[in-house]
Structure formats: C-alpha cells, structure tokens
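Structure file input.cif (mmCIF, C-alpha atoms and all ligand atoms) is printed below.
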```cif
data_upload
#
loop_
_atom_site.label_atom_id
_atom_site.label_comp_id
_atom_site.auth_asym_id
_atom_site.auth_seq_id
_atom_site.Cartn_x
_atom_site.Cartn_y
_atom_site.Cartn_z
CA MET T 1 -6.90 -2.22 21.23
CA THR T 2 -5.08 -1.00 18.18
CA PHE T 3 -5.21 -1.93 14.55
CA ILE T 4 -2.03 -1.29 12.61
CA VAL T 5 -2.64 -1.37 8.88
CA GLN T 6 0.38 -1.56 6.64
CA PHE T 7 0.49 -1.45 2.86
CA TRP T 8 2.96 -3.86 1.24
CA GLY T 9 1.52 -3.80 -2.27
CA THR T 10 -0.97 -1.32 -3.67
CA ARG T 11 -0.74 -1.88 -7.43
CA GLY T 12 -3.48 -3.51 -9.44
CA SER T 13 -3.28 -6.13 -12.14
CA ILE T 14 0.48 -6.55 -12.62
CA PRO T 15 3.65 -5.47 -10.81
CA THR T 16 5.04 -2.19 -12.08
CA PRO T 17 8.60 -1.65 -10.90
CA GLY T 18 10.44 1.44 -12.07
CA HIS T 19 11.06 5.05 -11.24
CA LEU T 20 7.65 6.22 -12.49
CA THR T 21 5.89 4.23 -9.78
CA LYS T 22 8.44 4.63 -7.03
CA ARG T 23 6.29 6.49 -4.53
CA TYR T 24 3.09 4.45 -4.61
CA GLY T 25 5.03 1.30 -5.38
CA GLY T 26 4.96 -1.45 -7.96
CA ASN T 27 4.02 -4.49 -5.87
CA THR T 28 0.54 -5.93 -6.21
CA SER T 29 -2.10 -6.17 -3.50
CA CYS T 30 -1.01 -7.08 -0.02
CA VAL T 31 -2.15 -5.39 3.18
CA GLU T 32 -1.12 -6.37 6.67
CA LEU T 33 -3.56 -5.78 9.49
CA ARG T 34 -2.35 -6.33 13.03
CA CYS T 35 -4.64 -6.23 15.99
CA ASP T 36 -2.46 -6.41 19.06
CA ASP T 37 -0.74 -9.78 18.50
CA THR T 38 -3.06 -11.14 15.82
CA LEU T 39 -1.88 -10.98 12.24
CA PHE T 40 -4.29 -10.72 9.31
CA ILE T 41 -3.06 -10.63 5.74
CA CYS T 42 -5.35 -9.35 3.03
CA ASP T 43 -4.28 -10.78 -0.30
CA GLY T 44 -0.97 -12.27 -1.26
CA GLY T 45 0.13 -10.24 -4.26
CA THR T 46 3.82 -9.60 -4.81
CA GLY T 47 3.92 -7.29 -1.78
CA LEU T 48 3.61 -10.42 0.36
CA ARG T 49 7.23 -11.32 -0.30
CA GLU T 50 8.44 -8.24 1.52
CA LEU T 51 5.92 -8.65 4.32
CA GLY T 52 7.30 -12.17 4.80
CA ALA T 53 10.85 -10.90 4.98
CA ASP T 54 9.81 -8.25 7.48
CA LEU T 55 7.93 -10.72 9.68
CA LEU T 56 11.16 -12.69 10.05
CA THR T 57 12.92 -9.64 11.48
CA ARG T 58 10.36 -9.10 14.24
CA GLY T 59 11.82 -11.64 16.65
CA HIS T 60 8.81 -13.97 16.98
CA LYS T 61 9.59 -17.62 17.71
CA THR T 62 6.48 -18.67 15.83
CA ILE T 63 4.23 -16.79 13.45
CA THR T 64 0.51 -17.35 13.08
CA GLY T 65 -1.29 -15.51 10.32
CA HIS T 66 -4.80 -15.37 8.94
CA PHE T 67 -5.05 -14.95 5.17
CA PHE T 68 -8.12 -13.35 3.63
CA TYR T 69 -8.05 -13.32 -0.15
CA SER T 70 -10.31 -11.01 -2.14
CA HIS T 71 -10.06 -13.56 -4.95
CA THR T 72 -7.44 -15.56 -6.75
CA HIS T 73 -6.56 -13.46 -9.78
CA TRP T 74 -2.81 -13.47 -10.32
CA ASP T 75 -2.13 -10.08 -8.85
CA HIS T 76 -3.59 -11.25 -5.53
CA ILE T 77 -1.81 -14.60 -5.11
CA GLN T 78 1.53 -14.26 -6.81
CA GLY T 79 3.54 -13.47 -3.71
CA PHE T 80 2.58 -16.58 -1.80
CA PRO T 81 5.27 -18.96 -3.15
CA PHE T 82 7.83 -16.31 -2.08
CA PHE T 83 6.43 -15.90 1.43
CA THR T 84 9.36 -17.27 3.43
CA PRO T 85 7.52 -17.75 6.75
CA ALA T 86 5.41 -20.42 5.03
CA TYR T 87 8.56 -22.53 4.68
CA ILE T 88 9.31 -22.57 8.40
CA PRO T 89 7.85 -25.56 10.34
CA GLN T 90 6.73 -23.86 13.54
CA ASN T 91 4.53 -21.28 11.76
CA THR T 92 0.82 -21.63 11.08
CA PHE T 93 -1.22 -19.92 8.39
CA HIS T 94 -4.96 -20.10 8.03
CA VAL T 95 -6.36 -19.54 4.56
CA TYR T 96 -10.03 -18.65 4.77
CA GLY T 97 -12.73 -19.65 2.36
CA THR T 98 -15.84 -17.51 2.39
CA ALA T 99 -18.10 -20.36 3.55
CA GLU T 100 -17.89 -23.87 4.91
CA GLY T 101 -16.49 -26.22 2.29
CA ASP T 102 -15.08 -23.35 0.23
CA ARG T 103 -11.50 -24.48 -0.40
CA ARG T 104 -11.03 -22.67 -3.69
CA THR T 105 -8.44 -20.24 -2.42
CA TYR T 106 -6.49 -22.92 -0.61
CA GLU T 107 -6.53 -25.12 -3.67
CA LEU T 108 -5.53 -22.34 -6.04
CA LEU T 109 -2.64 -21.37 -3.78
CA SER T 110 -1.41 -24.93 -3.95
CA GLY T 111 -2.21 -25.14 -7.67
CA GLN T 112 -0.01 -22.15 -8.47
CA MET T 113 2.90 -24.10 -7.02
CA ARG T 114 2.51 -27.03 -9.41
CA SER T 115 5.79 -27.83 -11.14
CA ASP T 116 4.60 -26.21 -14.37
CA TYR T 117 4.56 -22.88 -12.59
CA PHE T 118 6.99 -23.06 -9.72
CA PRO T 119 9.96 -25.23 -8.73
CA VAL T 120 8.88 -25.87 -5.14
CA ASP T 121 5.81 -27.98 -4.48
CA PHE T 122 3.11 -26.76 -2.08
CA GLY T 123 3.68 -29.92 -0.04
CA GLU T 124 7.20 -28.78 0.67
CA LEU T 125 6.01 -25.75 2.60
CA ARG T 126 6.96 -26.77 6.10
CA SER T 127 4.58 -24.53 7.99
CA ASN T 128 1.13 -25.66 8.97
CA ILE T 129 -1.20 -24.27 6.29
CA VAL T 130 -4.80 -24.73 7.27
CA ALA T 131 -7.81 -24.42 4.98
CA SER T 132 -10.23 -22.50 7.19
CA HIS T 133 -13.49 -20.75 6.48
CA LEU T 134 -16.02 -18.18 7.62
CA ASP T 135 -19.30 -19.42 9.07
CA GLY T 136 -22.37 -17.76 7.66
CA GLY T 137 -20.23 -14.94 6.34
CA THR T 138 -18.48 -14.14 9.57
CA ARG T 139 -15.94 -15.40 12.07
CA THR T 140 -14.39 -14.03 15.23
CA ILE T 141 -10.65 -14.45 15.47
CA ASP T 142 -8.98 -13.38 18.72
CA GLY T 143 -11.86 -11.02 19.34
CA VAL T 144 -11.81 -9.50 15.85
CA ALA T 145 -15.06 -10.04 13.97
CA VAL T 146 -14.31 -10.69 10.32
CA THR T 147 -17.23 -10.40 7.92
CA VAL T 148 -17.33 -11.03 4.20
CA PHE T 149 -19.24 -9.28 1.41
CA GLU T 150 -19.44 -10.46 -2.19
CA GLN T 151 -18.42 -7.75 -4.62
CA HIS T 152 -18.86 -7.23 -8.35
CA HIS T 153 -15.90 -8.63 -10.28
CA PRO T 154 -15.39 -11.08 -13.14
CA GLY T 155 -14.94 -14.49 -11.55
CA ARG T 156 -16.24 -13.13 -8.19
CA SER T 157 -14.42 -11.30 -5.40
CA TRP T 158 -14.99 -10.56 -1.72
CA ALA T 159 -14.52 -7.65 0.64
CA TYR T 160 -13.78 -8.14 4.33
CA SER T 161 -14.49 -6.02 7.36
CA PHE T 162 -12.50 -6.34 10.57
CA VAL T 163 -14.16 -5.03 13.72
CA LYS T 164 -13.03 -4.89 17.31
CA ASP T 165 -13.98 -2.64 20.20
CA GLY T 166 -15.91 -0.31 17.94
CA HIS T 167 -13.07 0.10 15.46
CA LYS T 168 -13.51 -1.04 11.91
CA VAL T 169 -11.28 -1.55 8.89
CA VAL T 170 -12.70 -2.60 5.52
CA TYR T 171 -10.63 -4.17 2.76
CA ALA T 172 -12.55 -4.02 -0.51
CA THR T 173 -10.56 -4.46 -3.66
CA ASP T 174 -11.40 -5.55 -7.19
CA ASN T 175 -14.92 -4.30 -7.08
CA GLU T 176 -16.68 -2.64 -10.00
CA ILE T 177 -19.04 -0.59 -7.87
CA ASP T 178 -20.10 1.35 -10.95
CA LEU T 179 -21.87 -1.69 -12.39
CA THR T 180 -23.99 -1.94 -9.24
CA LEU T 181 -25.23 1.65 -9.39
CA PRO T 182 -28.97 1.95 -9.91
CA ASP T 183 -28.61 4.55 -12.65
CA PRO T 184 -25.26 4.21 -14.45
CA ALA T 185 -26.36 6.41 -17.36
CA ARG T 186 -26.80 9.35 -15.02
CA VAL T 187 -23.12 9.17 -14.05
CA VAL T 188 -22.14 9.92 -17.62
CA ALA T 189 -24.78 12.62 -18.07
CA ASP T 190 -23.92 14.31 -14.79
CA PRO T 191 -20.56 13.20 -13.43
CA ILE T 192 -20.73 15.71 -10.57
CA ALA T 193 -24.00 14.42 -9.11
CA PRO T 194 -23.64 12.05 -6.15
CA ARG T 195 -23.98 8.39 -7.16
CA ALA T 196 -26.27 6.36 -4.93
CA ILE T 197 -24.35 3.36 -3.63
CA PRO T 198 -26.49 0.24 -3.15
CA ASP T 199 -27.61 -0.14 0.45
CA ALA T 200 -26.04 -3.49 1.21
CA PHE T 201 -22.51 -2.41 0.37
CA ARG T 202 -22.96 1.01 1.95
CA ARG T 203 -24.03 -0.69 5.16
CA PHE T 204 -21.15 -3.15 4.96
CA CYS T 205 -18.67 -0.26 4.89
CA HIS T 206 -20.61 1.97 7.24
CA GLY T 207 -18.67 3.86 9.89
CA ALA T 208 -15.29 2.35 9.03
CA ASP T 209 -12.29 4.09 10.51
CA LEU T 210 -10.50 3.08 7.34
CA LEU T 211 -11.88 1.88 4.03
CA ILE T 212 -9.30 0.43 1.66
CA SER T 213 -10.94 0.40 -1.74
CA ASP T 214 -10.11 -0.44 -5.31
CA ALA T 215 -10.07 2.94 -7.06
CA GLN T 216 -8.38 2.05 -10.30
CA TYR T 217 -9.78 4.37 -12.94
CA PHE T 218 -10.27 7.98 -13.84
CA ASP T 219 -13.79 8.70 -15.08
CA ASP T 220 -12.74 8.93 -18.73
CA GLU T 221 -10.80 5.66 -18.55
CA TYR T 222 -13.65 3.81 -16.98
CA THR T 223 -15.96 4.27 -19.95
CA LYS T 224 -13.48 2.21 -22.00
CA LYS T 225 -13.11 -0.45 -19.32
CA VAL T 226 -16.64 -1.25 -18.30
CA GLY T 227 -16.82 -4.86 -17.19
CA TRP T 228 -13.12 -5.15 -16.33
CA GLY T 229 -13.98 -5.35 -12.65
CA HIS T 230 -12.80 -2.02 -11.26
CA PRO T 231 -14.54 1.23 -10.36
CA ARG T 232 -14.14 4.88 -11.08
CA ALA T 233 -12.09 6.35 -8.23
CA THR T 234 -14.70 9.10 -7.93
CA THR T 235 -17.42 6.54 -7.24
CA VAL T 236 -15.35 5.28 -4.31
CA VAL T 237 -15.46 8.79 -2.87
CA ASP T 238 -19.26 8.66 -3.00
CA LEU T 239 -19.19 5.29 -1.28
CA ALA T 240 -16.94 6.68 1.45
CA LEU T 241 -19.20 9.71 1.89
CA GLN T 242 -22.44 7.74 1.99
CA ALA T 243 -21.00 5.06 4.24
CA GLU T 244 -19.71 7.81 6.55
CA VAL T 245 -16.25 6.34 6.82
CA LYS T 246 -13.51 8.41 8.42
CA GLN T 247 -10.81 7.81 5.87
CA VAL T 248 -10.50 6.10 2.54
CA ALA T 249 -7.33 4.69 1.03
CA LEU T 250 -7.46 4.60 -2.76
CA PHE T 251 -5.97 1.25 -3.69
CA HIS T 252 -5.24 -1.11 -6.62
CA HIS T 253 -3.61 1.62 -8.71
CA ASP T 254 -3.73 1.07 -12.44
CA PRO T 255 -0.47 -0.31 -13.86
CA MET T 256 -0.56 2.41 -16.52
CA HIS T 257 -0.56 5.13 -13.86
CA GLY T 258 2.73 6.64 -12.76
CA ASP T 259 3.04 8.48 -9.46
CA VAL T 260 1.97 11.75 -11.06
CA ASP T 261 -1.21 10.13 -12.40
CA VAL T 262 -2.01 8.66 -9.01
CA ASP T 263 -1.41 12.08 -7.47
CA ARG T 264 -3.87 13.57 -9.93
CA LYS T 265 -6.43 10.86 -9.20
CA ILE T 266 -6.13 11.57 -5.48
CA ALA T 267 -6.44 15.32 -6.02
CA LEU T 268 -9.65 14.83 -8.02
CA CYS T 269 -11.05 12.55 -5.34
CA LYS T 270 -10.16 14.96 -2.55
CA GLU T 271 -11.91 17.72 -4.44
CA ARG T 272 -15.01 15.58 -4.84
CA ALA T 273 -15.00 14.63 -1.16
CA ALA T 274 -14.49 18.20 0.01
CA ARG T 275 -17.64 19.35 -1.77
CA THR T 276 -19.73 17.19 0.57
CA ASN T 277 -17.59 16.48 3.61
CA PRO T 278 -14.24 18.20 4.07
CA GLN T 279 -13.64 15.98 7.11
CA LEU T 280 -13.36 12.86 4.99
CA GLN T 281 -9.70 11.94 4.68
CA VAL T 282 -8.83 10.72 1.18
CA PHE T 283 -5.36 9.44 0.39
CA GLY T 284 -3.50 7.12 -1.90
CA ALA T 285 -2.41 3.78 -0.49
CA ARG T 286 1.32 3.50 -0.96
CA GLU T 287 3.90 0.91 -0.16
CA GLY T 288 5.63 1.29 3.16
CA LEU T 289 2.85 3.35 4.74
CA SER T 290 1.14 2.24 7.91
CA LEU T 291 -1.71 3.67 9.94
CA ARG T 292 -2.76 3.19 13.52
CA ILE T 293 -6.47 2.80 14.16
CA GLY T 294 -7.75 3.00 17.73
CA MET H 295 21.02 18.66 -53.20
CA SER H 296 24.47 17.19 -53.46
CA SER H 297 24.90 13.57 -54.39
CA SER H 298 28.43 13.39 -53.16
CA LYS H 299 28.79 11.27 -50.09
CA THR H 300 30.88 12.91 -47.47
CA LYS H 301 32.97 10.67 -45.31
CA ASN H 302 32.15 11.03 -41.65
CA ASP H 303 33.24 9.28 -38.46
CA TRP H 304 29.96 7.42 -38.05
CA ASN H 305 30.47 5.51 -41.26
CA ASP H 306 34.12 4.81 -40.74
CA GLU H 307 34.42 1.14 -39.93
CA SER H 308 37.89 1.34 -38.49
CA THR H 309 38.47 2.04 -34.84
CA SER H 310 41.83 3.20 -33.65
CA GLU H 311 43.23 1.21 -30.82
CA ILE H 312 44.05 3.05 -27.66
CA SER H 313 45.07 1.98 -24.22
CA VAL H 314 41.92 2.40 -22.16
CA THR H 315 42.35 4.19 -18.88
CA LEU H 316 39.45 3.67 -16.50
CA LEU H 317 37.73 6.88 -15.69
CA PRO H 318 36.87 7.41 -12.02
CA LEU H 319 33.45 6.12 -10.97
CA SER H 320 31.04 8.79 -9.95
CA THR H 321 31.56 9.56 -6.31
CA GLU H 322 28.54 11.74 -6.22
CA GLN H 323 26.67 10.96 -3.05
CA THR H 324 24.32 13.31 -1.37
CA PRO H 325 22.73 12.74 2.03
CA SER H 326 19.00 12.81 2.57
CA VAL H 327 17.91 16.06 4.12
CA LEU H 328 15.08 17.00 6.41
CA GLU H 329 14.34 20.62 5.64
CA MET H 330 12.48 22.43 8.38
CA VAL H 331 10.26 24.96 6.65
CA GLN H 332 8.21 25.88 9.69
CA GLY H 333 9.20 25.65 13.34
CA PRO H 334 11.76 27.02 15.78
CA GLY H 335 14.83 28.09 13.85
CA ALA H 336 13.27 27.53 10.41
CA PRO H 337 14.38 27.53 7.73
CA ARG H 338 17.11 25.03 8.40
CA ASN H 339 18.35 21.76 6.99
CA TYR H 340 19.19 18.59 8.85
CA GLU H 341 21.43 16.30 6.85
CA LEU H 342 20.80 12.66 7.62
CA HIS H 343 24.12 10.82 7.75
CA ARG H 344 23.43 8.34 10.54
CA PRO H 345 21.43 5.12 10.34
CA GLU H 346 18.93 6.28 12.93
CA TYR H 347 17.62 9.49 14.42
CA ILE H 348 15.15 10.24 17.14
CA VAL H 349 13.32 13.51 16.75
CA GLY H 350 11.58 15.11 19.71
CA ARG H 351 11.46 17.87 22.27
CA SER H 352 14.02 16.30 24.59
CA VAL H 353 17.54 17.66 24.32
CA GLU H 354 18.66 14.04 24.39
CA CYS H 355 17.15 13.44 20.98
CA ASP H 356 19.39 13.26 17.91
CA LEU H 357 17.32 16.05 16.42
CA PRO H 358 16.00 18.08 19.33
CA ILE H 359 13.25 20.51 18.37
CA ASN H 360 12.34 23.12 20.91
CA SER H 361 8.58 23.09 20.50
CA THR H 362 5.99 22.10 23.07
CA ASP H 363 3.91 20.59 20.24
CA LEU H 364 6.36 17.72 20.12
CA SER H 365 6.54 14.81 22.49
CA ARG H 366 9.86 14.27 24.20
CA ARG H 367 10.57 11.43 21.78
CA HIS H 368 8.22 12.01 18.91
CA VAL H 369 9.39 10.05 15.90
CA THR H 370 12.29 7.91 14.68
CA LEU H 371 13.88 7.98 11.28
CA ARG H 372 15.64 4.75 10.49
CA ARG H 373 17.63 3.98 7.38
CA LEU H 374 16.50 0.82 5.61
CA PRO H 375 18.85 -1.52 3.73
CA SER H 376 17.51 0.13 0.55
CA GLY H 377 18.94 3.44 1.77
CA GLN H 378 15.48 4.90 2.22
CA PHE H 379 14.37 6.33 5.53
CA ASN H 380 11.46 4.84 7.44
CA LEU H 381 9.72 7.15 9.82
CA VAL H 382 7.88 5.69 12.83
CA ASP H 383 5.65 7.55 15.27
CA LEU H 384 6.73 6.88 18.85
CA GLN H 385 3.14 7.12 20.06
CA SER H 386 3.51 10.86 20.20
CA ARG H 387 0.73 12.99 21.61
CA ASN H 388 0.12 15.03 18.48
CA GLY H 389 0.92 12.42 15.89
CA VAL H 390 2.89 12.40 12.68
CA PHE H 391 1.43 13.56 9.38
CA VAL H 392 2.96 12.66 6.06
CA ASN H 393 1.50 14.65 3.19
CA GLY H 394 -1.41 15.51 5.45
CA VAL H 395 -2.22 11.91 6.41
CA LYS H 396 -1.82 10.80 10.01
CA VAL H 397 0.49 7.82 9.84
CA HIS H 398 2.00 5.27 12.16
CA SER H 399 4.97 4.81 9.83
CA ALA H 400 6.04 5.69 6.32
CA VAL H 401 8.94 5.06 4.01
CA LEU H 402 9.79 8.59 2.94
CA HIS H 403 10.15 9.75 -0.64
CA ASP H 404 11.53 12.91 -2.14
CA GLY H 405 9.22 15.84 -1.57
CA ASP H 406 7.15 14.30 1.22
CA SER H 407 5.98 16.72 3.86
CA VAL H 408 6.32 15.60 7.46
CA GLN H 409 4.38 17.51 10.07
CA LEU H 410 4.91 17.16 13.83
CA GLY H 411 2.55 19.53 15.61
CA SER H 412 3.18 22.94 14.10
CA VAL H 413 6.62 21.94 12.91
CA LEU H 414 6.79 21.20 9.21
CA PHE H 415 9.56 19.48 7.29
CA ILE H 416 10.10 18.61 3.67
CA PHE H 417 12.07 15.43 3.08
CA HIS H 418 14.68 15.46 0.32
CA GLU H 419 15.85 12.05 -0.69
CA GLY H 420 19.60 11.75 -1.02
CA ARG H 421 21.55 9.77 -3.52
CA ALA H 422 23.59 6.83 -2.32
CA SER H 423 26.95 5.98 -3.84
CA SER H 424 26.85 3.02 -6.16
ZN ZN M 1 -6.58 -7.15 -8.85
ZN ZN M 2 -9.28 -9.35 -10.12
#
```
Would it be possible to restate this file's structure as structure tokens?
Ligand SMILES: [Zn+2]
Ligand SMILES: [Zn+2]
Amino acid sequence: MTFIVQFWGTRGSIPTPGHLTKRYGGNTSCVELRCDDTLFICDGGTGLRELGADLLTRGHKTITGHFFYSHTHWDHIQGFPFFTPAYIPQNTFHVYGTAEGDRRTYELLSGQMRSDYFPVDFGELRSNIVASHLDGGTRTIDGVAVTVFEQHHPGRSWAYSFVKDGHKVVYATDNEIDLTLPDPARVVADPIAPRAIPDAFRRFCHGADLLISDAQYFDDEYTKKVGWGHPRATTVVDLALQAEVKQVALFHHDPMHGDVDVDRKIALCKERAARTNPQLQVFGAREGLSLRIG
Amino acid sequence: MSSSKTKNDWNDESTSEISVTLLPLSTEQTPSVLEMVQGPGAPRNYELHRPEYIVGRSVECDLPINSTDLSRRHVTLRRLPSGQFNLVDLQSRNGVFVNGVKVHSAVLHDGDSVQLGSVLFIFHEGRASS
C-alpha cells in the first residue's frame, strides 16, 4: 500500500501568479492523494484545473475520484468548473458532505456554475457527479478510512484524515488553531513556550506520516489577523510536535508572501521544531511536489 | 535659479521619420544545468538538452553516476511542456531528496538541491528561447 500525495495548489485566499511566487506556486488549495488506484482530491481550488489536465494524460479509460472539501470559500472551489474530467461522460466523482443529508458542498459547487458566474451550467457536466457523505464522521473507501474533524474557521471548515494499513495522511487547512488554544495570552507573552494544542485535534492528527496544515501567518502578522481563520505557522509546529507526526507540510501560503517570505517562514518553523524534536520534518508545500507514504 | 526654459528632446513634439529596421530577437537561450557539487567527479556540470534523462548507477543511464549509493535507475528528469524539469524517483533504494525533503517527484526550480545517496546536485534553471 502506498499513498502518493501531490500538491497542485498551495496558496491561500486568492491565486497569486507571478515570478515572486514561482517556487511555491500561485494556485489555490488542491491536493491529490492516491492510494493504489483510488483517487482522493482535497479541495478544488485553482490547482484543480492542472490536476484535471494531468489526469487526462494518465491513460485511464474512466476516472473515479472522491472529493473532500475543507469548506466552500472561493479559494477552495474555484477550480471545479475548469476540471475537464468532470465534462467526460464515463467518469464519476463523489462529492462528500460531512454527514448524512449534508449537500452544502455539492450545492455550492453547482451554484458557482450558475449563469451569473460561469457560462457552462452544472447540468452540462457529463460525468456522473454524486453527492455522497460520511457516516458518523467517517467512511471507508476502497479500504481507506476517511475521518472528518471540524476546525475553527469563519463559516466552518473540516479536516480529513486518510488511513490505510497503519499509514496516515491528514489534510487540515483553513483552521485558526490559535483561537482554540487554552491560553492565547501566554503566546504573546512568551512566544517561545510550547502552546498546548487541544486534545481532540491533537488526537485527530496523532501519528500522521504527513500532516498538511494551514500555516498562513508569521507571529507578528497573526496579531493583526485574529479571527480571519488561519493560524500562526509556529503554532502548527507545536501541533505537529505534540501530535507526534513524522512530517508537516506548511500549506495555504499567504497571498502577500513571496517565495522568500515562505522560505523565511519555513526556516523559523524548522528552528522551532528542532528545539524539541530534530527528527520532525518541516517543509513548505509547493506546487508540483509529490511524496510517497508507505 | 534660471527661469529660462531650455529646449530638450523630451519636450520636442516632433518625431523624425525613419525607416524602421527590425532588430534581431534575443536568441539568448541557456540550458538547464545539473551541477554535481558532491559525488564522483565533482564538481561537474551536466547540461540538460534532451527532453528526458535517466540518472542512475547503470552505464546505460543517460547520466551514469558511478556510486553504489545510487540504484541502477534512480531518477528520471523529464521536460514538461512549460520547459521545466520534473524529477521522479524510480523507486530507488536510497530515495531522492529535494532541498532535504524526501520526495516522490518534484518540478525543479532554480537553486534546488537534489540529493541521491551521497551525491549532491544543484539545479540551475535554464532560459528557453521565446
Ligand atoms: Zn482558504
Ligand atoms: Zn476559508
């Protein structure tokens, strides 16, 4: 069993093309997770367009994919109307709600293709697009157990874990972990001190081979953006340490950050990690990068 | 401070007509380069002109590297339509590390380090002709 995790869009909030963001990329959230022949797609930001184009070069007669959306803010859904495989009749895509009867994502995906927004109607997508859902927060798909966790984000957002044969990948973006800390004032008074991550989320991420986490802000930026729905990158390091994950991909890069800023953010996070556990692998998610797990 | 207004070219509204001769387009085109900074024969540069390379220990590879750290066929470098190179691990024994991260594949950017066992390269992105 192998998971292949590929980053197609790592930017937060809005696409940021241009030479300043060339290395980490300008496309918004989209991560492909393959487990043997099963395809999972986490979020459909603008990176989804290129994933779609790539899928068509892989020589499959039919494509089946399972979409898990963190939430339906623009930067997480905008690629869907440009996802070419959805226009091809023999393909099937499942769009998962977080519970039975939860069709919000499915309906928002179709809503964004109303004629006010887009020239092609959702009904004209020729593939079979199925509104599916998790049962009691979990579902097993081709042997992969997918579990959901509600995060802290304006308008709500969800993290997903994917587990098979003892290997685990967690996708957790748009999550203001800092607002869930038991003692937020202490972070400002003593930024170096470890920040206790609430148990439930720590357990949800526990032991992951790879944690992909929103890590949008530097500490000094965060104080001006409390309530915007994103964490301090350094808090994500503490999550990774306390959840004993093997590696953490810093994700959902701020649109104001060029490659050099992201490099600096990663360097700070590595430094923080190394003080407690030099074994923890910290890196910046970037477009065109894929990892093999298992 | 003088109040007299001197005539200069910027203010002159007339433009003299000439017959425009097209200047040659820039032909500057530099290949991407894999610079071996550590390994057998280092330092040395491999210019990447072809659309695909296989790097490994086997002499049959496009870029054969005589190091037992490498698998016979360790990694491919394939040029994408964008002109960038995508590197893919061929399930090598010792893996492929880009900037210290063990990867399955990566689209390379200028300055990336690529480590195969104890062999270390720096990737220099070329410039395609327009
Ligand atoms: Zn977002
Ligand atoms: Zn959001």
Pick from T:Ala273, T:Ala249, T:Ile77, T:Val5 nearest to ligand ZN 2 (chain M), counting only C-alpha atoms and all ligand atoms: T:Ile77
Check every residue of chain H for an atom within 6 Å of chain T, counting only C-alpha atoms, and provide those that qualify as a short mmCIF file (atom, residue, chain, number, x, y, z; two decimals) with C-alpha atoms, keeping the file's coordinate frame.
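Output (iface00.cif):
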```cif
data_model
loop_
_atom_site.label_atom_id
_atom_site.label_comp_id
_atom_site.auth_asym_id
_atom_site.auth_seq_id
_atom_site.Cartn_x
_atom_site.Cartn_y
_atom_site.Cartn_z
CA VAL H 397 0.49 7.82 9.84
CA HIS H 398 2.00 5.27 12.16
CA SER H 399 4.97 4.81 9.83
CA ALA H 400 6.04 5.69 6.32
CA VAL H 401 8.94 5.06 4.01
#
```
Test item: residues no farther than 8 Å from ligand ZN 2 (chain M), counting only C-alpha atoms and all ligand atoms, as a PyMOL selection string: chain T and resi 13+71-76+153-155+157+174+229
Contacts with ligand ZN 1 (chain M) at most 12 Å, only C-alpha atoms and all ligand atoms counted, listed as number ranges by chain: T: 9-15, 27-30, 43-46, 69-78, 153-158, 172-176, 213-216, 228-231, 251-255
Between CA of Thr138 (chain T) and CA of Lys164 (chain T), distance in Å (one decimal):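 We find that CA of Thr138 (chain T) and CA of Lys164 (chain T) lie 13.2 Å from each other.
Coordinates place CA of Ile177 (chain T) at a distance of 12.0 Å from CA of Ala240 (chain T).
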